[in-house]
>>> print(open('entry13.txt').read())   # compact mmCIF, C-alpha atoms
# COMPACT_ATOMS: atom_id res chain seq x y z
CA MET A 1 -11.99 -8.15 2.87
CA ILE A 2 -14.63 -8.53 5.53
CA ASP A 3 -18.37 -8.79 5.19
CA THR A 4 -19.89 -5.64 6.60
CA PRO A 5 -22.06 -6.21 9.67
CA LYS A 6 -24.85 -3.81 10.45
CA ASP A 7 -23.45 -0.51 11.62
CA LYS A 8 -23.46 0.13 15.32
CA PRO A 9 -24.30 3.57 16.72
CA LEU A 10 -21.44 5.99 16.24
CA HIS A 11 -19.70 7.04 19.42
CA ILE A 12 -19.84 10.83 19.65
CA CYS A 13 -17.64 12.75 22.05
CA ALA A 14 -18.47 15.99 23.74
CA SER A 15 -15.23 16.13 25.72
CA SER A 16 -11.96 17.29 24.23
CA ASP A 17 -9.89 14.63 25.96
CA CYS A 18 -11.71 11.63 24.50
CA ASP A 19 -9.61 9.44 22.23
CA CYS A 20 -12.40 8.52 19.79
CA GLY A 21 -11.09 11.18 17.40
CA LEU A 22 -14.47 12.51 16.25
CA THR A 23 -15.64 15.51 18.24
CA ARG A 24 -19.29 16.47 18.46
CA ARG A 25 -18.60 19.48 16.26
CA ASP A 26 -16.92 17.31 13.60
CA PHE A 27 -19.77 14.83 13.72
CA LEU A 28 -22.37 17.58 13.23
CA ARG A 29 -20.38 19.00 10.35
CA LEU A 30 -20.24 15.68 8.57
CA SER A 31 -23.84 14.86 9.36
CA ALA A 32 -24.88 18.16 7.81
CA LEU A 33 -22.93 17.41 4.66
CA ALA A 34 -24.24 13.87 4.43
CA THR A 35 -27.91 14.85 4.74
CA ALA A 36 -29.20 16.27 1.48
CA SER A 37 -31.84 18.51 3.07
CA VAL A 38 -29.24 20.07 5.35
CA ALA A 39 -26.43 20.04 2.80
CA SER A 40 -28.39 21.99 0.21
CA PRO A 41 -27.83 25.40 1.85
CA LEU A 42 -24.11 24.62 1.97
CA LEU A 43 -24.08 23.69 -1.69
CA PHE A 44 -25.96 26.85 -2.63
CA ALA A 45 -23.61 28.90 -0.50
CA GLY A 46 -20.67 27.41 -2.35
CA ASP A 47 -22.31 28.14 -5.67
CA ALA A 48 -23.02 31.70 -4.63
CA MET A 49 -19.43 32.26 -3.60
CA ALA A 50 -18.22 30.86 -6.90
CA GLN A 51 -20.62 33.09 -8.85
CA GLN A 52 -19.60 36.21 -6.96
CA GLY A 53 -15.89 35.50 -7.10
CA PRO A 54 -13.34 36.36 -9.79
CA LYS A 55 -13.87 34.91 -13.23
CA GLY A 56 -11.52 32.72 -15.23
CA ASP A 57 -7.83 32.74 -14.33
CA ASP A 58 -8.33 35.68 -11.95
CA GLN A 59 -9.61 33.34 -9.28
CA PRO A 60 -6.79 32.77 -6.80
CA VAL A 61 -5.66 29.26 -5.91
CA LYS A 62 -6.77 28.66 -2.32
CA ILE A 63 -5.19 25.44 -1.04
CA GLY A 64 -6.52 23.48 1.90
CA TYR A 65 -4.36 20.70 3.34
CA LEU A 66 -3.52 18.48 6.28
CA PRO A 67 0.12 18.36 7.49
CA ILE A 68 0.90 15.02 5.86
CA THR A 69 3.15 14.10 2.95
CA ASP A 70 0.04 13.52 0.82
CA ALA A 71 -0.14 17.31 0.44
CA THR A 72 3.38 17.50 -1.00
CA PRO A 73 2.50 18.39 -4.64
CA LEU A 74 0.21 21.25 -3.61
CA LEU A 75 2.78 22.68 -1.20
CA VAL A 76 5.72 22.26 -3.59
CA ALA A 77 3.73 23.98 -6.34
CA HIS A 78 3.03 26.86 -3.99
CA ALA A 79 6.57 27.17 -2.61
CA ARG A 80 8.20 27.04 -6.02
CA LYS A 81 5.66 29.45 -7.52
CA MET A 82 4.51 26.92 -10.08
CA PHE A 83 0.98 28.31 -9.99
CA GLU A 84 2.35 31.76 -10.79
CA ALA A 85 4.37 30.27 -13.65
CA GLU A 86 1.04 29.13 -15.10
CA GLY A 87 -0.36 32.64 -14.81
CA LEU A 88 -2.35 32.09 -11.61
CA GLN A 89 -2.34 33.78 -8.24
CA ALA A 90 -1.95 31.60 -5.16
CA GLU A 91 -2.83 32.45 -1.59
CA THR A 92 -0.95 31.07 1.41
CA PRO A 93 -2.15 27.46 1.91
CA ARG A 94 -4.46 26.85 4.86
CA MET A 95 -3.65 23.96 7.17
CA PHE A 96 -6.51 22.02 8.76
CA ARG A 97 -6.56 19.60 11.66
CA SER A 98 -9.07 17.04 10.38
CA TRP A 99 -10.74 15.75 7.24
CA ALA A 100 -14.09 16.99 8.52
CA GLN A 101 -12.74 20.54 8.64
CA ILE A 102 -11.17 20.46 5.20
CA VAL A 103 -14.34 19.11 3.59
CA GLU A 104 -16.45 21.76 5.29
CA ALA A 105 -14.13 24.54 4.09
CA PHE A 106 -14.15 23.14 0.55
CA VAL A 107 -17.94 22.93 0.38
CA ALA A 108 -18.25 26.47 1.77
CA GLY A 109 -15.85 27.79 -0.89
CA GLN A 110 -13.21 28.92 1.60
CA VAL A 111 -10.64 26.79 -0.26
CA ASN A 112 -10.83 25.60 -3.86
CA VAL A 113 -7.92 23.16 -4.27
CA ILE A 114 -7.66 20.38 -1.71
CA HIS A 115 -6.14 16.97 -1.29
CA LEU A 116 -8.63 14.43 -0.01
CA LEU A 117 -8.63 10.72 0.82
CA SER A 118 -9.65 8.89 -2.33
CA PRO A 119 -12.56 6.98 -0.72
CA ALA A 120 -13.77 10.23 0.86
CA THR A 121 -14.28 11.69 -2.60
CA LEU A 122 -16.88 8.96 -3.20
CA TRP A 123 -18.67 10.00 -0.05
CA VAL A 124 -18.54 13.73 -0.90
CA ARG A 125 -19.82 13.32 -4.47
CA TYR A 126 -22.33 10.50 -4.03
CA GLY A 127 -23.10 10.52 -0.31
CA SER A 128 -23.35 14.28 0.33
CA LYS A 129 -24.06 15.01 -3.36
CA PHE A 130 -21.59 17.88 -3.57
CA PRO A 131 -20.48 18.28 -7.22
CA ALA A 132 -16.71 17.85 -7.27
CA LYS A 133 -14.25 15.75 -9.22
CA VAL A 134 -10.83 14.17 -8.92
CA VAL A 135 -8.35 15.67 -11.39
CA ALA A 136 -5.09 14.12 -10.15
CA TRP A 137 -3.50 11.70 -7.75
CA ASN A 138 -1.26 13.41 -5.21
CA HIS A 139 1.03 10.43 -4.69
CA VAL A 140 1.18 6.64 -4.46
CA ASN A 141 1.72 4.55 -1.30
CA GLY A 142 2.95 6.71 1.59
CA SER A 143 1.10 5.08 4.50
CA ALA A 144 1.83 2.36 7.02
CA LEU A 145 0.48 0.35 9.92
CA THR A 146 2.30 1.44 13.08
CA VAL A 147 1.99 -0.40 16.39
CA ALA A 148 3.25 -0.28 19.96
CA ASN A 149 6.67 -1.82 20.51
CA ASN A 150 5.27 -4.84 22.34
CA ILE A 151 3.23 -5.94 19.31
CA ASN A 152 5.13 -8.20 16.94
CA LYS A 153 2.43 -9.52 14.61
CA VAL A 154 -1.05 -8.59 13.45
CA SER A 155 -2.72 -11.28 15.56
CA ASP A 156 -1.33 -9.53 18.67
CA LEU A 157 -3.84 -6.73 18.02
CA GLY A 158 -6.76 -8.89 19.12
CA GLY A 159 -8.71 -7.28 21.97
CA SER A 160 -7.18 -3.84 21.37
CA THR A 161 -8.22 -0.41 20.07
CA PHE A 162 -6.78 0.78 16.78
CA ALA A 163 -6.99 4.19 15.08
CA ILE A 164 -7.82 5.14 11.51
CA PRO A 165 -7.89 8.70 10.14
CA PHE A 166 -11.36 8.50 8.54
CA TRP A 167 -13.99 5.86 7.83
CA TYR A 168 -13.77 6.64 4.12
CA SER A 169 -10.04 6.08 3.73
CA ILE A 170 -7.74 3.63 2.01
CA HIS A 171 -6.36 3.07 5.51
CA ASN A 172 -9.64 1.67 6.78
CA ILE A 173 -9.98 -0.54 3.69
CA LEU A 174 -6.47 -1.99 3.90
CA LEU A 175 -6.51 -2.37 7.67
CA GLN A 176 -9.68 -4.44 7.55
CA GLN A 177 -8.23 -6.63 4.83
CA ILE A 178 -5.14 -7.22 6.96
CA LEU A 179 -7.17 -7.95 10.09
CA THR A 180 -9.44 -10.40 8.28
CA ALA A 181 -6.48 -12.24 6.77
CA ASN A 182 -5.18 -12.73 10.32
CA GLY A 183 -8.44 -14.01 11.79
CA LEU A 184 -9.52 -10.75 13.44
CA THR A 185 -12.80 -8.85 13.15
CA ALA A 186 -13.12 -5.07 12.99
CA VAL A 187 -15.74 -3.66 15.38
CA THR A 188 -16.80 -0.29 16.78
CA ARG A 189 -17.44 -0.48 20.51
CA PRO A 190 -18.39 2.38 22.86
CA ARG A 191 -15.59 3.64 25.07
CA ASN A 192 -14.71 1.23 27.90
CA ALA A 193 -16.87 -1.52 26.39
CA PRO A 194 -15.29 -5.00 26.44
CA ILE A 195 -13.50 -6.15 23.29
CA LYS A 196 -13.26 -9.84 22.47
CA ALA A 197 -9.91 -11.53 21.87
CA ASN A 198 -10.63 -11.87 18.15
CA GLU A 199 -11.85 -8.28 17.75
CA VAL A 200 -10.10 -4.98 17.04
CA ASN A 201 -12.01 -1.86 18.01
CA LEU A 202 -11.68 0.89 15.41
CA ILE A 203 -11.80 4.58 16.26
CA VAL A 204 -11.33 7.67 14.11
CA LEU A 205 -8.47 9.88 15.21
CA ALA A 206 -6.97 12.98 13.61
CA PRO A 207 -3.52 12.09 12.21
CA ALA A 208 -1.85 14.73 14.37
CA GLU A 209 -3.14 13.01 17.53
CA MET A 210 -2.07 9.48 16.69
CA VAL A 211 1.53 9.51 17.90
CA SER A 212 0.61 10.92 21.31
CA ALA A 213 -2.27 8.45 21.63
CA LEU A 214 0.13 5.59 20.95
CA ALA A 215 2.65 6.97 23.43
CA SER A 216 -0.02 7.18 26.15
CA LYS A 217 -1.17 3.62 25.34
CA ALA A 218 -4.69 4.85 24.55
CA ILE A 219 -4.41 2.83 21.32
CA ALA A 220 -2.40 -0.22 20.25
CA GLY A 221 -1.56 1.30 16.91
CA TYR A 222 -2.76 3.20 13.89
CA ILE A 223 -2.69 3.19 10.11
CA VAL A 224 -2.16 6.61 8.55
CA ALA A 225 -0.26 8.69 6.04
CA GLU A 226 3.33 9.68 6.57
CA PRO A 227 5.17 11.16 8.30
CA PHE A 228 3.33 10.05 11.44
CA ASN A 229 4.62 6.50 11.05
CA ALA A 230 8.20 7.72 10.71
CA ALA A 231 7.64 10.07 13.65
CA ALA A 232 6.74 7.15 15.94
CA GLU A 233 9.78 5.21 14.70
CA ASN A 234 12.19 8.07 15.27
CA ALA A 235 10.80 8.77 18.74
CA GLY A 236 11.02 5.10 19.70
CA ILE A 237 7.30 5.11 20.50
CA GLY A 238 6.26 2.51 17.95
CA LYS A 239 7.28 0.45 14.96
CA ILE A 240 5.97 -0.32 11.50
CA LEU A 241 4.26 -3.65 11.01
CA ARG A 242 3.28 -3.27 7.35
CA PHE A 243 3.49 -0.70 4.56
CA SER A 244 0.25 0.04 2.69
CA GLY A 245 2.00 -0.13 -0.67
CA ASP A 246 2.98 -3.71 0.17
CA VAL A 247 -0.73 -4.62 0.27
CA TRP A 248 -2.10 -2.62 -2.67
CA LYS A 249 0.65 -2.01 -5.17
CA ASN A 250 1.16 1.69 -5.97
CA HIS A 251 -2.22 2.64 -4.58
CA ALA A 252 -3.49 6.18 -4.39
CA CYS A 253 -4.23 7.64 -0.99
CA CYS A 254 -4.96 11.35 -1.42
CA VAL A 255 -6.13 12.95 -4.64
CA THR A 256 -6.59 16.51 -5.86
CA PHE A 257 -10.24 17.55 -5.67
CA LEU A 258 -11.82 20.49 -7.52
CA SER A 259 -15.42 21.65 -7.54
CA GLU A 260 -17.34 20.80 -10.67
CA ARG A 261 -18.35 24.45 -11.01
CA ASP A 262 -14.70 25.50 -11.26
CA ILE A 263 -14.01 22.74 -13.77
CA THR A 264 -17.02 23.70 -15.90
CA THR A 265 -16.84 27.48 -15.76
CA ARG A 266 -13.05 27.84 -15.51
CA PRO A 267 -11.56 25.00 -17.56
CA GLU A 268 -8.40 26.96 -18.34
CA TRP A 269 -7.94 27.65 -14.62
CA ALA A 270 -8.42 23.95 -13.84
CA GLN A 271 -5.89 23.04 -16.53
CA LYS A 272 -3.30 25.42 -15.11
CA VAL A 273 -3.84 24.13 -11.58
CA THR A 274 -3.32 20.59 -12.88
CA ASN A 275 -0.23 21.63 -14.84
CA ALA A 276 1.36 23.04 -11.69
CA ILE A 277 0.59 19.88 -9.68
CA VAL A 278 2.12 17.65 -12.37
CA LYS A 279 5.27 19.77 -12.56
CA ALA A 280 5.52 19.76 -8.76
CA GLN A 281 5.40 15.96 -8.67
CA LEU A 282 8.01 15.68 -11.40
CA TRP A 283 10.32 18.03 -9.48
CA THR A 284 9.72 16.15 -6.22
CA ARG A 285 10.73 12.81 -7.73
CA SER A 286 14.22 14.15 -8.41
CA ASN A 287 14.57 16.39 -5.36
CA GLN A 288 13.50 14.34 -2.36
CA VAL A 289 15.81 15.92 0.22
CA ASP A 290 14.99 19.42 -0.97
CA THR A 291 11.31 18.55 -0.75
CA ALA A 292 11.77 17.45 2.85
CA LYS A 293 13.52 20.74 3.61
CA LEU A 294 10.69 22.66 1.99
CA LEU A 295 8.00 20.94 4.07
CA ALA A 296 9.88 20.87 7.40
CA ASN A 297 9.19 23.06 10.41
CA SER A 298 12.64 24.55 9.89
CA GLY A 299 11.86 25.58 6.31
CA GLU A 300 10.99 29.05 5.05
CA HIS A 301 7.25 28.33 4.85
CA ARG A 302 6.89 25.92 7.78
CA TYR A 303 4.12 24.09 5.98
CA THR A 304 4.18 21.25 8.51
CA PRO A 305 5.18 20.86 12.17
CA HIS A 306 7.49 17.97 11.30
CA PRO A 307 11.30 18.02 11.68
CA LEU A 308 13.55 17.52 8.69
CA GLN A 309 14.85 14.17 9.95
CA VAL A 310 11.37 12.63 9.98
CA LEU A 311 10.41 13.96 6.54
CA THR A 312 13.70 12.86 5.02
CA LYS A 313 13.12 9.34 6.36
CA VAL A 314 9.89 9.23 4.34
CA LEU A 315 10.75 11.15 1.19
CA ALA A 316 14.39 10.28 0.61
CA THR A 317 14.67 6.69 1.84
CA THR A 318 14.58 4.05 -0.90
CA ASP A 319 16.44 1.21 0.86
CA TYR A 320 14.05 -1.32 2.33
CA ALA A 321 16.83 -3.66 3.43
CA THR A 322 16.19 -3.13 7.15
CA TYR A 323 12.47 -3.76 6.79
CA GLU A 324 13.09 -6.78 4.55
CA LYS A 325 15.40 -8.30 7.17
CA LYS A 326 12.63 -7.93 9.73
CA GLY A 327 10.24 -9.72 7.38
CA LEU A 328 7.97 -6.70 7.04
CA ILE A 329 8.09 -6.57 3.24
CA VAL A 330 5.96 -9.36 1.80
CA HIS A 331 6.21 -8.45 -1.87
CA LYS A 332 9.88 -7.67 -2.45
CA ASP A 333 9.45 -8.00 -6.21
CA TRP A 334 7.13 -4.98 -6.24
CA GLN A 335 10.17 -2.77 -5.59
CA GLN A 336 8.14 -0.15 -3.76
CA ARG A 337 9.21 3.24 -2.52
CA ARG A 338 7.95 4.35 0.87
CA ILE A 339 6.18 7.14 -1.00
CA ASP A 340 6.30 8.01 -4.66
CA PHE A 341 4.73 10.55 -6.95
CA GLN A 342 2.80 10.01 -10.14
CA PRO A 343 -0.30 12.08 -10.86
CA TYR A 344 -2.41 10.05 -13.29
CA PRO A 345 -5.76 8.81 -11.84
CA PHE A 346 -6.14 5.26 -13.15
CA ALA A 347 -9.73 4.18 -13.82
CA SER A 348 -8.94 0.64 -12.68
CA TYR A 349 -8.09 1.96 -9.22
CA THR A 350 -11.36 3.84 -8.84
CA GLU A 351 -13.31 0.76 -9.92
CA GLU A 352 -11.55 -1.47 -7.39
CA LEU A 353 -11.89 1.24 -4.75
CA VAL A 354 -15.68 1.25 -5.11
CA ARG A 355 -15.80 -2.53 -4.79
CA ALA A 356 -13.43 -2.48 -1.80
CA ILE A 357 -15.21 0.21 0.23
CA GLY A 358 -18.47 -1.64 -0.36
CA ARG A 359 -17.01 -4.64 1.49
CA THR A 360 -15.53 -2.59 4.32
CA LYS A 361 -17.11 -1.69 7.64
CA VAL A 362 -17.91 2.01 7.56
CA GLU A 363 -19.89 3.97 10.14
CA GLY A 364 -22.93 5.98 9.12
CA ASP A 365 -25.33 5.77 6.18
CA THR A 366 -23.66 3.80 3.39
CA SER A 367 -26.77 3.20 1.29
CA PHE A 368 -25.36 5.22 -1.60
CA LEU A 369 -22.56 2.67 -2.01
CA THR A 370 -24.99 -0.15 -2.78
CA LYS A 371 -26.20 1.76 -5.84
CA LEU A 372 -22.77 2.88 -7.05
CA ASN A 373 -21.49 1.12 -10.16
CA PRO A 374 -17.66 0.90 -10.22
CA LYS A 375 -17.29 1.63 -13.93
CA PHE A 376 -19.71 4.55 -13.72
CA ALA A 377 -17.81 6.02 -10.76
CA ALA A 378 -14.51 5.75 -12.61
CA ARG A 379 -15.99 7.82 -15.46
CA ASP A 380 -18.06 10.21 -13.39
CA LEU A 381 -15.91 10.92 -10.32
CA VAL A 382 -12.65 11.40 -12.21
CA ASP A 383 -11.94 13.96 -14.93
CA ASP A 384 -8.60 13.07 -16.52
CA ARG A 385 -8.74 15.51 -19.44
CA PHE A 386 -6.53 18.07 -17.73
CA MET A 387 -4.13 15.42 -16.47
CA ARG A 388 -3.57 13.92 -19.93
CA LYS A 389 -2.66 17.33 -21.34
CA ALA A 390 -0.46 18.16 -18.36
CA ILE A 391 1.48 14.89 -18.54
CA ASN A 392 2.02 15.26 -22.29
CA SER A 393 3.33 18.79 -21.73
CA VAL A 394 6.20 17.49 -19.55
CA GLY A 395 7.26 14.62 -21.78
CA GLY A 396 4.50 12.04 -21.60
CA PRO A 397 3.68 9.14 -19.25
CA SER A 398 7.21 7.69 -19.40
CA VAL A 399 8.66 10.54 -17.31
CA PHE A 400 6.64 9.13 -14.40
CA GLY A 401 7.38 5.52 -15.30
CA LEU A 402 3.81 5.03 -16.51
CA PRO A 403 2.58 2.92 -19.45
CA ALA A 404 2.00 4.84 -22.67
CA ASN A 405 -1.67 3.83 -22.80
CA LEU A 406 -2.24 4.97 -19.20
CA MET A 407 -3.86 1.69 -18.24
CA ARG A 408 -2.95 -0.80 -15.56
CA THR A 409 -4.22 -3.80 -13.62
CA GLU A 410 -4.73 -3.44 -9.87
CA THR A 411 -2.66 -5.70 -7.63
CA VAL A 412 -3.97 -6.28 -4.10
CA ALA A 413 -2.39 -9.03 -2.03
CA VAL A 414 -2.43 -9.14 1.77
>>> encode(input="entry13.txt", output="structure tokens")
Amino acid sequence: MIDTPKDKPLHICASSDCDCGLTRRDFLRLSALATASVASPLLFAGDAMAQQGPKGDDQPVKIGYLPITDATPLLVAHARKMFEAEGLQAETPRMFRSWAQIVEAFVAGQVNVIHLLSPATLWVRYGSKFPAKVVAWNHVNGSALTVANNINKVSDLGGSTFAIPFWYSIHNILLQQILTANGLTAVTRPRNAPIKANEVNLIVLAPAEMVSALASKAIAGYIVAEPFNAAAENAGIGKILRFSGDVWKNHACCVTFLSERDITTRPEWAQKVTNAIVKAQLWTRSNQVDTAKLLANSGEHRYTPHPLQVLTKVLATTDYATYEKKGLIVHKDWQQRRIDFQPYPFASYTEELVRAIGRTKVEGDTSFLTKLNPKFAARDLVDDRFMRKAINSVGGPSVFGLPANLMRTETVAV
């Protein structure tokens, strides 16, 4: 991992055609959330909405999601009426374009069950001080580093611009580890500024814009959740250089995030939400093709704009032989799936996550990270009470291939 240099001024775009990925509106939204004096009205507004809304199990499940495979458990639970089976009502899920938008909607109380990048939950709880907790992992692995076809190794990225979906993302963390291991330095340069041969300029780009940006050669590559990596492969626009799960074994990417008010005042509701998510993941593990059909743009619900072929490539492909022959799989003995589903939020992961993001270049005010103790965060950010009950209700940890004691050691190897 790299030592973090002093942050440079964040490039803010006013124009819609800029490829920096963070519009002025998005920046103002995030700035408002990250500044306590400005965020307070938003927090109070969220509290007010929660107080005025239905009590107990009468509160409907209002899902917010991005069109990526990380949202699979929430969407499967909705499509298969698993929330209703738990005695809950569920509204039609709302799709958002960016992480900034989904966080804003969550804080405002417009949605109450979201999937969020695991490092972003640290920023929301400790940076913006919005009281929310992780109750489940949505999946493991499920991301990759995709590059233009003329790039054959990481060192070829020197002097180029590369996209990440969010500063607080596992993608940013892993990318910077990979760059450092290959003698490159992550920087943030203004648009059209020169980039040195040993530097890679990072920009934030909404996942939905990454494939087109790569096709237009505005960027040399990106690291993001599926199926945008598979989409570039299938279209012949780019190729995968490394899978994220081949760097951090069975890492979380997105997690299920609930407000602390809902957890405290509606514990039975939170338990039922968690139950549905666990059952959705268990079903998905055994029904990968059907899951792809459910999420596809040709499906009944049209949850995502992605074709069935692309989603099937991600969800139903287990054979890494082609990638192994190309030398893209470094840790063959890990026996990774491109994406897999297990919902338990390991404390060891959160601890390592706090240490890792603290050593990663992140734009904006990161002072809260210097005070954040990894063990404290693992206890305070994550509430695994509901998950333990939910897993036991479907047969215990073994049904997900997890150790009985629900403990593990993190394995990170570039």
>>> closest_residue(input="entry13.txt", among="A:Val113, A:Leu353, A:Ala144, A:Ala215", to="A:Asn229", atoms="all atoms listed in the file")
A:Ala144
>>> closest_residue(input="entry13.txt", among="A:Leu74, A:Leu117, A:Val314, A:Val103", to="A:Ala90", atoms="all atoms listed in the file")
A:Leu74
>>> closest_residue(input="entry13.txt", among="A:Arg302, A:Arg261, A:Lys217, A:His171", to="A:Val362", atoms="all atoms listed in the file")
A:His171
>>> closest_residue(input="entry13.txt", among="A:Phe346, A:Phe368, A:Tyr320, A:Phe386", to="A:Thr409", atoms="all atoms listed in the file")
A:Phe346
>>> residues_around(input="entry13.txt", residues="A:Glu352", least_positions_apart="5", cutoff="10 Å", atoms="all atoms listed in the file", output="count of residues only")
10
>>> atom_distance(input="entry13.txt", atom1="atom CA of A:Thr350", atom2="atom CA of A:Ala108")
25.9 Å
>>> residues_around(input="entry13.txt", residues="stretch 324-329 of chain A", least_positions_apart="4", cutoff="10 Å", atoms="only C-alpha atoms", output="list in words")
Lys153, Ile240, Leu241, Arg242, Phe243, Gly245, Asp246, Val247, Asp319, Tyr320, Asp333, Trp334, Gln335 and Gln336 of chain A
>>> closest_residue(input="entry13.txt", among="A:Thr291, A:Gln271, A:Thr317, A:Phe376", to="A:Leu258", atoms="only C-alpha atoms")
A:Gln271
>>> closest_residue(input="entry13.txt", among="A:Leu372, A:Ile277, A:Cys254, A:Val330", to="A:Leu75", atoms="all atoms listed in the file")
A:Ile277
>>> atom_distance(input="entry13.txt", atom1="atom CA of A:Met407", atom2="atom CA of A:Val140")
15.5 Å
